[in-house]
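Data block below; observations after.
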Amino acid sequence: MAEQLEFFPVPSPCRGICQSDERGYCRGCFRSRDERFNWLKFSDAQKREVIRLCRQRHLRLLRAGKAADESDPDQPTLF
């Protein structure tokens, strides 16, 4: 399958809230440690997959009834 042509790079989902939760995911962007450390090495397709996984993690947190960390409301939301 051919990769779609992209005109703009995939931006980092980092929100500047760099704290890990009890499962090891960032409280701001929901990336794992490996996903954060290897972001610059990933292809655009891999970055889009990481962002998809982050959305799933965020939705799972919302369904569990836990509010996402809102310690800095001035930061834009990833979702």
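In the structure tokens, each chain is lettered A, B, ... as it comes, each chain's residues begin at 1, and ligands are numbered from 1 in order of appearance.
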
Could you name the residues that touch Arg36 of chain A at 12 Å or less, counting only C-alpha atoms, but leaving out those on the same chain fewer than 2 positions away, as a VMD selection string? chain A and resid 12 to 15 18 to 20 24 to 26 28 to 34 38 to 42 47 50 to 51 54

Prev. selection, C-alpha atoms, output as a PDB file, in the first residue's frame:
ATOM      1  CA  SER A  12       4.511  16.744  18.269  1.00  0.00           C
ATOM      2  CA  PRO A  13       1.462  16.337  20.522  1.00  0.00           C
ATOM      3  CA  CYS A  14       3.459  17.611  23.534  1.00  0.00           C
ATOM      4  CA  ARG A  15       1.492  20.081  25.684  1.00  0.00           C
ATOM      5  CA  CYS A  18       5.681  16.383  31.253  1.00  0.00           C
ATOM      6  CA  GLN A  19       4.586  14.099  34.085  1.00  0.00           C
ATOM      7  CA  SER A  20       4.031  10.368  33.939  1.00  0.00           C
ATOM      8  CA  GLY A  24       3.879   5.402  32.517  1.00  0.00           C
ATOM      9  CA  TYR A  25       1.950   7.553  30.040  1.00  0.00           C
ATOM     10  CA  CYS A  26       2.465  11.307  29.892  1.00  0.00           C
ATOM     11  CA  GLY A  28      -0.329  15.885  28.941  1.00  0.00           C
ATOM     12  CA  CYS A  29      -0.124  14.042  25.632  1.00  0.00           C
ATOM     13  CA  PHE A  30      -0.714  10.380  26.642  1.00  0.00           C
ATOM     14  CA  ARG A  31       2.442   9.095  24.939  1.00  0.00           C
ATOM     15  CA  SER A  32       4.531   6.304  26.443  1.00  0.00           C
ATOM     16  CA  ARG A  33       8.151   6.864  27.370  1.00  0.00           C
ATOM     17  CA  ASP A  34       9.381   5.146  24.174  1.00  0.00           C
ATOM     18  CA  ASN A  38      11.717   8.239  19.717  1.00  0.00           C
ATOM     19  CA  TRP A  39       9.329  10.864  18.279  1.00  0.00           C
ATOM     20  CA  LEU A  40      11.989  12.515  16.098  1.00  0.00           C
ATOM     21  CA  LYS A  41      13.052   9.127  14.670  1.00  0.00           C
ATOM     22  CA  PHE A  42       9.525   8.069  13.671  1.00  0.00           C
ATOM     23  CA  LYS A  47       3.690   9.525  14.271  1.00  0.00           C
ATOM     24  CA  VAL A  50       1.110   7.243  17.974  1.00  0.00           C
ATOM     25  CA  ILE A  51      -1.412  10.095  17.887  1.00  0.00           C
ATOM     26  CA  CYS A  54      -2.971   8.729  22.332  1.00  0.00           C
TER      27      CYS A  54
END

Please run DSSP on the backbone and report, as a ChimeraX atom specification, all residues within segment 7-69 of chain A that come out as alpha helix (DSSP H). /A:33-37,44-63

Take the residues that were just selected and, keeping C-alpha atoms, output them as a PDB file, in the first residue's frame.
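Dumped everything to result19.pdb:
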ATOM      1  CA  ARG A  33       8.151   6.864  27.370  1.00  0.00           C
ATOM      2  CA  ASP A  34       9.381   5.146  24.174  1.00  0.00           C
ATOM      3  CA  GLU A  35       6.963   7.168  22.049  1.00  0.00           C
ATOM      4  CA  ARG A  36       8.232  10.414  23.576  1.00  0.00           C
ATOM      5  CA  PHE A  37      11.929   9.547  23.291  1.00  0.00           C
ATOM      6  CA  ASP A  44       5.060  10.415   9.570  1.00  0.00           C
ATOM      7  CA  ALA A  45       3.005   7.207   9.413  1.00  0.00           C
ATOM      8  CA  GLN A  46       4.404   6.094  12.774  1.00  0.00           C
ATOM      9  CA  LYS A  47       3.690   9.525  14.271  1.00  0.00           C
ATOM     10  CA  ARG A  48       0.075   9.366  13.091  1.00  0.00           C
ATOM     11  CA  GLU A  49      -0.243   5.918  14.665  1.00  0.00           C
ATOM     12  CA  VAL A  50       1.110   7.243  17.974  1.00  0.00           C
ATOM     13  CA  ILE A  51      -1.412  10.095  17.887  1.00  0.00           C
ATOM     14  CA  ARG A  52      -4.206   7.573  17.205  1.00  0.00           C
ATOM     15  CA  LEU A  53      -3.093   5.555  20.228  1.00  0.00           C
ATOM     16  CA  CYS A  54      -2.971   8.729  22.332  1.00  0.00           C
ATOM     17  CA  ARG A  55      -6.574   9.516  21.389  1.00  0.00           C
ATOM     18  CA  GLN A  56      -7.604   6.011  22.450  1.00  0.00           C
ATOM     19  CA  ARG A  57      -5.821   6.411  25.785  1.00  0.00           C
ATOM     20  CA  HIS A  58      -7.484   9.779  26.343  1.00  0.00           C
ATOM     21  CA  LEU A  59     -10.939   8.387  25.564  1.00  0.00           C
ATOM     22  CA  ARG A  60     -10.329   5.396  27.842  1.00  0.00           C
ATOM     23  CA  LEU A  61      -9.453   7.794  30.659  1.00  0.00           C
ATOM     24  CA  LEU A  62     -12.624   9.801  30.054  1.00  0.00           C
ATOM     25  CA  ARG A  63     -14.782   6.646  30.006  1.00  0.00           C
TER      26      ARG A  63
END
